[in-house]
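Student: Dropping a structure here in structure tokens format, bear with me for questions.
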Amino acid sequence: MTTTINYAGHDVPVLGSYDVAIVGGGSSGAACAIRCAQLGLSVIIIDRFTMLGGTATNATVCPMMPTYVAHRQVFAQVEEGLKASGEVTRDGTTTMVWFAPERLGRVYEDLVTCSGGTILYDATLVDVLDDRAQDGPRTLQSLIVMTAQGLVAIDAQTMVDASGDAVLARAAGVSTESGDETGANQVCSLRFIMGGIDVDAYRDYCLSLGDDFSPLKTGYFWESAMVAGRDFVLESIFREGVADGLLEEGDLRYYQTFSVPGKPGALAFNCPHIPSLVTNTSAMGRSEAIIEAHATIDRLTRFLQTKMPGFEHSYLIGIAPMLGVRESWRINGVYRLTEEDYVNQARFEDGLVRGDWFIDVHSQSKGLFHKKGYQHGDYYEIPYRSLINPQVSNLLTVGRCISTTFLMQASVRITPTVIDMGDAAGCACALSKSEHIPVLELSGAKVRSYADEVSPLS
Ligand SMILES: Cc1cc2nc3c(=O)[nH]c(=O)nc-3n(C[C@H](O)[C@H](O)[C@H](O)COP(=O)(O)OP(=O)(O)OC[C@H]3O[C@@H](n4cnc5c(N)ncnc54)[C@H](O)[C@@H]3O)c2cc1C
């Protein structure tokens, strides 16, 4: 007989009871599910889309940005999985990890399911029920999730918010903030992929102009960019596009494109920027921005086909089904990681993850804002305390919505770093279970030494 709980006057079936329930199947959530399952926990990962990987897959955000830090073990497992499926992940010049979005999604899926984890696709978190404690931190008990069969409940000992938008934390009443000091978020982008490109001809054209943006001068992989007013050599051809009525001035704000492994002739575009979406925390605002981006992609593809050498026979393969959100809500956790921690290369007793990506802000008002990058080998640590919050005893947060300042989030948000967060959080879930202590009360130093034991940095 199915157990039910009462939610808003309805009998809602309880789909199952787990050690860990993760909301959000992006890179941080997937890594957390993989680690939990590999440590023998019963774990369910819930996502509103039909593929794991979130921004990296459904928003087609590839490749992984270069890092020079030691990673935890799931990161290597993911790259091994990509290679085992025939993907070439390294370009021989940079430390970027290249992948095709759907390949990464399949690798995450295999690692979760083959380790014994459960995936619930096509399911959207709508609410969370707690113990209604009046004093002290609350304990979350049941997620309320909209699925094809209607509302269901999912019980778990530990909950993980890997939703990017801190959806679970906000539903649980955790304090959050969003945007910079004016409330403006980083610029959103809607990415797309084109095929039928003669990439060699495009590269030859860029190099013939003296374009030194990409370190990749030969071989399969290629990267290209243009930001108006920043001395990019491609700006002149984009200006011709404006003069010919193919582009609007705002389309020149940010253009970037990358190769996709296993797809000769295809390039993935890290644009267009959608600067009109100043604050991305409004539902209607996001929807209107997507409509605006669709029109911009129409213009960009027509411009490239008409004017850019190498694009004569190109075509649009697809537009990401998910908006590329660089930054939105961030929890106010027990510790807020700051840009001073970046500058000081902070170390913590409970440091779980190493980060070295620069402060990479796509700012609404200031354009691109970058803080000086590190020397290879330098890093800061992300402490366990940035993953927990004082209001809820059994909730961890991972990924781009952990507790940081606006500027610091712009460093921690890259895919390799969020994978390591998920891996480390999975270790915390296992320790919480074995020690019968909610994650909020765990010793961060103990989480670190346990993570170093079961998923050592290498
Ligand atoms: C335009 C853009 C370009 C970028 N470029 C790069 C790059 O080149 N290289 C790099 O390394 N990083 C890049 N990044 C950063 C990086 O890709 C992301 O920060 C990172 O992938 C975020 O991972 P995450 O797990 O925190 O969140 P996400 O991957 O966003 O995952 C969140 C998941 O939660 C799910 N979800 C949300 N709400 C609900 C709900 N209510 N119910 C169920 N599921 C829900 C979503 O469907 C999604 O799958 C870029 C980001 C953007 C937006």
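For the structure tokens, the naming scheme is as follows: chains receive sequential letters (A, B, ...) according to their order of presentation, residues are indexed from 1 within each chain, and ligands are indexed from 1 in presentation order.
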Give me the residues within 10 Å of A:Ser449 as a PyMOL selection string, counting only C-alpha atoms and dropping any in the same chain fewer than 5 places off.
Tutor: chain A and resi 349-352+427+444+454-456
Student: I'd like to know which residues of stretch 122-328 of chain A are strand (DSSP E or B) (by DSSP, run on the backbone); could you write them as a short mmCIF file (atom, residue, chain, number, x, y, z; two decimals) with C-alpha atoms, in the first residue's frame?
Tutor:
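Result file is part.cif:
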```
data_model
loop_
_atom_site.label_atom_id
_atom_site.label_comp_id
_atom_site.auth_asym_id
_atom_site.auth_seq_id
_atom_site.Cartn_x
_atom_site.Cartn_y
_atom_site.Cartn_z
CA THR A 124 10.15 19.89 -10.47
CA LEU A 125 10.52 20.78 -6.81
CA VAL A 126 7.57 22.87 -5.66
CA ASP A 127 7.85 22.83 -1.87
CA VAL A 128 9.47 21.26 1.17
CA LEU A 129 7.96 20.20 4.47
CA ASP A 130 9.86 20.46 7.75
CA ARG A 138 14.54 23.19 11.29
CA LEU A 140 13.54 19.07 6.40
CA GLN A 141 11.44 15.96 6.01
CA SER A 142 9.69 15.75 2.62
CA LEU A 143 10.24 17.30 -0.77
CA ILE A 144 7.04 18.02 -2.69
CA VAL A 145 7.73 17.43 -6.36
CA MET A 146 5.55 17.87 -9.47
CA THR A 147 5.86 14.85 -11.78
CA GLY A 150 1.07 14.66 -10.22
CA LEU A 151 2.48 15.78 -6.89
CA VAL A 152 4.64 13.26 -5.03
CA ALA A 153 6.55 13.43 -1.77
CA ILE A 154 10.13 12.27 -1.29
CA ASP A 155 11.53 11.80 2.21
CA ALA A 156 15.22 11.98 3.04
CA GLN A 157 17.54 12.26 6.02
CA THR A 158 19.75 14.79 4.26
CA MET A 159 18.69 17.16 1.49
CA VAL A 160 21.06 18.81 -0.99
CA ASP A 161 20.23 21.98 -2.92
CA THR A 176 19.67 34.31 0.45
CA GLU A 177 20.93 37.26 -1.55
CA SER A 178 21.25 37.91 -5.25
CA CYS A 188 22.55 35.71 -18.75
CA SER A 189 23.24 34.10 -22.13
CA PHE A 192 23.38 27.74 -29.44
CA ILE A 193 25.29 25.32 -31.67
CA MET A 194 25.91 25.59 -35.42
CA GLY A 195 27.11 22.89 -37.81
CA GLU A 223 38.14 28.96 -29.77
CA SER A 224 37.29 32.45 -30.99
CA ALA A 225 35.91 35.62 -29.43
CA MET A 226 34.99 39.26 -30.02
CA TYR A 255 30.70 36.80 -29.01
CA GLN A 256 32.56 33.58 -28.25
CA THR A 257 32.65 30.16 -29.80
CA PHE A 258 34.23 26.78 -29.02
CA SER A 259 34.72 23.46 -30.82
CA LEU A 267 30.89 25.19 -32.96
CA ALA A 268 29.13 25.98 -29.67
CA PHE A 269 28.44 29.69 -29.07
CA HIS A 273 24.46 38.09 -23.82
CA ILE A 274 21.02 39.33 -22.72
CA TYR A 315 23.28 25.89 -40.27
CA LEU A 316 21.78 26.15 -36.82
CA ILE A 317 21.84 22.77 -35.05
CA GLY A 318 20.01 23.87 -31.94
CA ILE A 319 19.33 26.47 -29.27
CA GLY A 324 22.44 30.19 -19.19
#
```
Student: Taking 4 positions as the minimum chain separation for residues in the same chain, which residues sit within 10 Å of A:Thr4 when counting only C-alpha atoms? Answer as a list in words.
Tutor: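 My list of contacting residues is His10, Asp11, Val12, Pro13, Val14, Leu15, Val152 and Ala153 of chain A.
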Student: Can you write out the residues you just picked, keeping N, CA and C atoms, as a PDB file, in the first residue's frame?
Tutor:
```pdb
ATOM      1  N   HIS A  10      -4.314  17.840   0.068  1.00  0.00           N
ATOM      2  CA  HIS A  10      -4.314  16.693  -0.856  1.00  0.00           C
ATOM      3  C   HIS A  10      -3.538  15.527  -0.250  1.00  0.00           C
ATOM      4  N   ASP A  11      -3.983  14.299  -0.566  1.00  0.00           N
ATOM      5  CA  ASP A  11      -3.187  13.126  -0.213  1.00  0.00           C
ATOM      6  C   ASP A  11      -2.133  12.937  -1.295  1.00  0.00           C
ATOM      7  N   VAL A  12      -0.906  13.064  -0.898  1.00  0.00           N
ATOM      8  CA  VAL A  12       0.198  12.992  -1.865  1.00  0.00           C
ATOM      9  C   VAL A  12       0.983  11.707  -1.605  1.00  0.00           C
ATOM     10  N   PRO A  13       1.169  10.850  -2.651  1.00  0.00           N
ATOM     11  CA  PRO A  13       1.915   9.604  -2.421  1.00  0.00           C
ATOM     12  C   PRO A  13       3.386   9.873  -2.108  1.00  0.00           C
ATOM     13  N   VAL A  14       3.928   9.077  -1.191  1.00  0.00           N
ATOM     14  CA  VAL A  14       5.368   9.185  -0.889  1.00  0.00           C
ATOM     15  C   VAL A  14       6.092   8.217  -1.819  1.00  0.00           C
ATOM     16  N   LEU A  15       6.892   8.788  -2.700  1.00  0.00           N
ATOM     17  CA  LEU A  15       7.576   7.989  -3.723  1.00  0.00           C
ATOM     18  C   LEU A  15       8.654   7.112  -3.121  1.00  0.00           C
ATOM     19  N   VAL A 152       4.167  14.379  -5.856  1.00  0.00           N
ATOM     20  CA  VAL A 152       4.637  13.261  -5.034  1.00  0.00           C
ATOM     21  C   VAL A 152       5.482  13.841  -3.913  1.00  0.00           C
ATOM     22  N   ALA A 153       5.652  13.034  -2.864  1.00  0.00           N
ATOM     23  CA  ALA A 153       6.551  13.428  -1.766  1.00  0.00           C
ATOM     24  C   ALA A 153       7.762  12.505  -1.776  1.00  0.00           C
TER      25      ALA A 153
END
```
Student: Kindly provide, as a ChimeraX atom specification, all nucleotide and amino acid residues lying within 7 Å of ligand 1, counting only C-alpha atoms and all ligand atoms.
Tutor: /A:23-29,46-49,52-56,61-65,123-126,162-165,167,188-191,270-271,324-326,398-401,413-416,418
Student: As a PDB file with N, CA and C atoms, in the first residue's frame, which residues of stretch 268-328 of chain A does DSSP assign to helix (DSSP H, G or I)?
Tutor:
```pdb
ATOM      1  N   ALA A 283      10.330  35.792 -12.890  1.00  0.00           N
ATOM      2  CA  ALA A 283       9.921  34.728 -13.822  1.00  0.00           C
ATOM      3  C   ALA A 283       9.619  35.311 -15.194  1.00  0.00           C
ATOM      4  N   MET A 284       8.849  36.388 -15.236  1.00  0.00           N
ATOM      5  CA  MET A 284       8.466  36.965 -16.527  1.00  0.00           C
ATOM      6  C   MET A 284       9.684  37.594 -17.199  1.00  0.00           C
ATOM      7  N   GLY A 285      10.561  38.162 -16.401  1.00  0.00           N
ATOM      8  CA  GLY A 285      11.786  38.749 -16.951  1.00  0.00           C
ATOM      9  C   GLY A 285      12.614  37.705 -17.670  1.00  0.00           C
ATOM     10  N   ARG A 286      12.762  36.545 -17.072  1.00  0.00           N
ATOM     11  CA  ARG A 286      13.538  35.481 -17.720  1.00  0.00           C
ATOM     12  C   ARG A 286      12.872  35.053 -19.025  1.00  0.00           C
ATOM     13  N   SER A 287      11.564  34.955 -19.013  1.00  0.00           N
ATOM     14  CA  SER A 287      10.853  34.494 -20.205  1.00  0.00           C
ATOM     15  C   SER A 287      11.014  35.493 -21.348  1.00  0.00           C
ATOM     16  N   GLU A 288      10.859  36.778 -21.019  1.00  0.00           N
ATOM     17  CA  GLU A 288      11.009  37.809 -22.058  1.00  0.00           C
ATOM     18  C   GLU A 288      12.436  37.822 -22.605  1.00  0.00           C
ATOM     19  N   ALA A 289      13.406  37.569 -21.717  1.00  0.00           N
ATOM     20  CA  ALA A 289      14.810  37.567 -22.147  1.00  0.00           C
ATOM     21  C   ALA A 289      15.068  36.420 -23.133  1.00  0.00           C
ATOM     22  N   ILE A 290      14.439  35.297 -22.901  1.00  0.00           N
ATOM     23  CA  ILE A 290      14.625  34.153 -23.804  1.00  0.00           C
ATOM     24  C   ILE A 290      14.072  34.500 -25.193  1.00  0.00           C
ATOM     25  N   ILE A 291      12.934  35.160 -25.222  1.00  0.00           N
ATOM     26  CA  ILE A 291      12.351  35.563 -26.524  1.00  0.00           C
ATOM     27  C   ILE A 291      13.302  36.519 -27.234  1.00  0.00           C
ATOM     28  N   GLU A 292      13.854  37.470 -26.474  1.00  0.00           N
ATOM     29  CA  GLU A 292      14.804  38.431 -27.053  1.00  0.00           C
ATOM     30  C   GLU A 292      16.046  37.702 -27.589  1.00  0.00           C
ATOM     31  N   ALA A 293      16.532  36.733 -26.832  1.00  0.00           N
ATOM     32  CA  ALA A 293      17.740  35.990 -27.259  1.00  0.00           C
ATOM     33  C   ALA A 293      17.466  35.181 -28.525  1.00  0.00           C
ATOM     34  N   HIS A 294      16.264  34.625 -28.650  1.00  0.00           N
ATOM     35  CA  HIS A 294      15.938  33.883 -29.881  1.00  0.00           C
ATOM     36  C   HIS A 294      16.100  34.787 -31.106  1.00  0.00           C
ATOM     37  N   ALA A 295      15.638  36.027 -30.971  1.00  0.00           N
ATOM     38  CA  ALA A 295      15.744  36.964 -32.100  1.00  0.00           C
ATOM     39  C   ALA A 295      17.209  37.302 -32.375  1.00  0.00           C
ATOM     40  N   THR A 296      18.001  37.448 -31.314  1.00  0.00           N
ATOM     41  CA  THR A 296      19.428  37.758 -31.503  1.00  0.00           C
ATOM     42  C   THR A 296      20.134  36.598 -32.197  1.00  0.00           C
ATOM     43  N   ILE A 297      19.789  35.381 -31.816  1.00  0.00           N
ATOM     44  CA  ILE A 297      20.419  34.208 -32.449  1.00  0.00           C
ATOM     45  C   ILE A 297      20.052  34.171 -33.936  1.00  0.00           C
ATOM     46  N   ASP A 298      18.838  34.526 -34.276  1.00  0.00           N
ATOM     47  CA  ASP A 298      18.451  34.635 -35.704  1.00  0.00           C
ATOM     48  C   ASP A 298      19.406  35.577 -36.435  1.00  0.00           C
ATOM     49  N   ARG A 299      19.656  36.760 -35.822  1.00  0.00           N
ATOM     50  CA  ARG A 299      20.528  37.747 -36.482  1.00  0.00           C
ATOM     51  C   ARG A 299      21.965  37.234 -36.577  1.00  0.00           C
ATOM     52  N   LEU A 300      22.465  36.668 -35.461  1.00  0.00           N
ATOM     53  CA  LEU A 300      23.864  36.214 -35.450  1.00  0.00           C
ATOM     54  C   LEU A 300      24.097  35.117 -36.490  1.00  0.00           C
ATOM     55  N   THR A 301      23.187  34.158 -36.579  1.00  0.00           N
ATOM     56  CA  THR A 301      23.386  33.047 -37.529  1.00  0.00           C
ATOM     57  C   THR A 301      23.342  33.584 -38.965  1.00  0.00           C
ATOM     58  N   ARG A 302      22.417  34.505 -39.235  1.00  0.00           N
ATOM     59  CA  ARG A 302      22.326  35.056 -40.591  1.00  0.00           C
ATOM     60  C   ARG A 302      23.596  35.850 -40.930  1.00  0.00           C
ATOM     61  N   PHE A 303      24.075  36.621 -39.956  1.00  0.00           N
ATOM     62  CA  PHE A 303      25.323  37.387 -40.160  1.00  0.00           C
ATOM     63  C   PHE A 303      26.497  36.439 -40.447  1.00  0.00           C
ATOM     64  N   LEU A 304      26.630  35.402 -39.636  1.00  0.00           N
ATOM     65  CA  LEU A 304      27.771  34.495 -39.819  1.00  0.00           C
ATOM     66  C   LEU A 304      27.692  33.816 -41.191  1.00  0.00           C
ATOM     67  N   GLN A 305      26.502  33.352 -41.550  1.00  0.00           N
ATOM     68  CA  GLN A 305      26.341  32.672 -42.845  1.00  0.00           C
ATOM     69  C   GLN A 305      26.657  33.617 -44.007  1.00  0.00           C
ATOM     70  N   THR A 306      26.331  34.884 -43.827  1.00  0.00           N
ATOM     71  CA  THR A 306      26.483  35.852 -44.922  1.00  0.00           C
ATOM     72  C   THR A 306      27.897  36.402 -45.016  1.00  0.00           C
ATOM     73  N   LYS A 307      28.528  36.639 -43.869  1.00  0.00           N
ATOM     74  CA  LYS A 307      29.773  37.424 -43.908  1.00  0.00           C
ATOM     75  C   LYS A 307      31.021  36.681 -43.449  1.00  0.00           C
TER      76      LYS A 307
END
```
Student: Have a look at A:Arg347, A:Arg354, A:Arg35, A:Arg330 and name the one nearest to A:Val69; count only C-alpha atoms.
Tutor: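 Under the stated criterion, the closest residue is A:Arg354.
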Student: Using only C-alpha atoms, pick whichever of A:Gly116, A:Gly262, A:Pro390, A:Pro309 has the shortest atom-to-atom distance to A:Ile237.
Tutor: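 Checking each of A:Gly116, A:Gly262, A:Pro390, A:Pro309 against A:Ile237, counting only C-alpha atoms, the winner is A:Pro309.
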Student: Could you tell me how far atom CA of A:Phe406 lies from atom CA of A:Tyr379, in Å and to one decimal?
Tutor: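 We find that atom CA of A:Phe406 and atom CA of A:Tyr379 lie 18.8 Å from each other.
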Student: Rank nothing, just name the residue among A:Asn280, A:Thr404, A:Thr113, A:Thr95 nearest to A:Gly183, using only C-alpha atoms.
Tutor: A:Asn280
Student: Pick out the closest residue to A:Val439 from this set: A:Thr139, A:Leu323, A:Asn332, A:Val412. Count only C-alpha atoms.
Tutor: A:Thr139
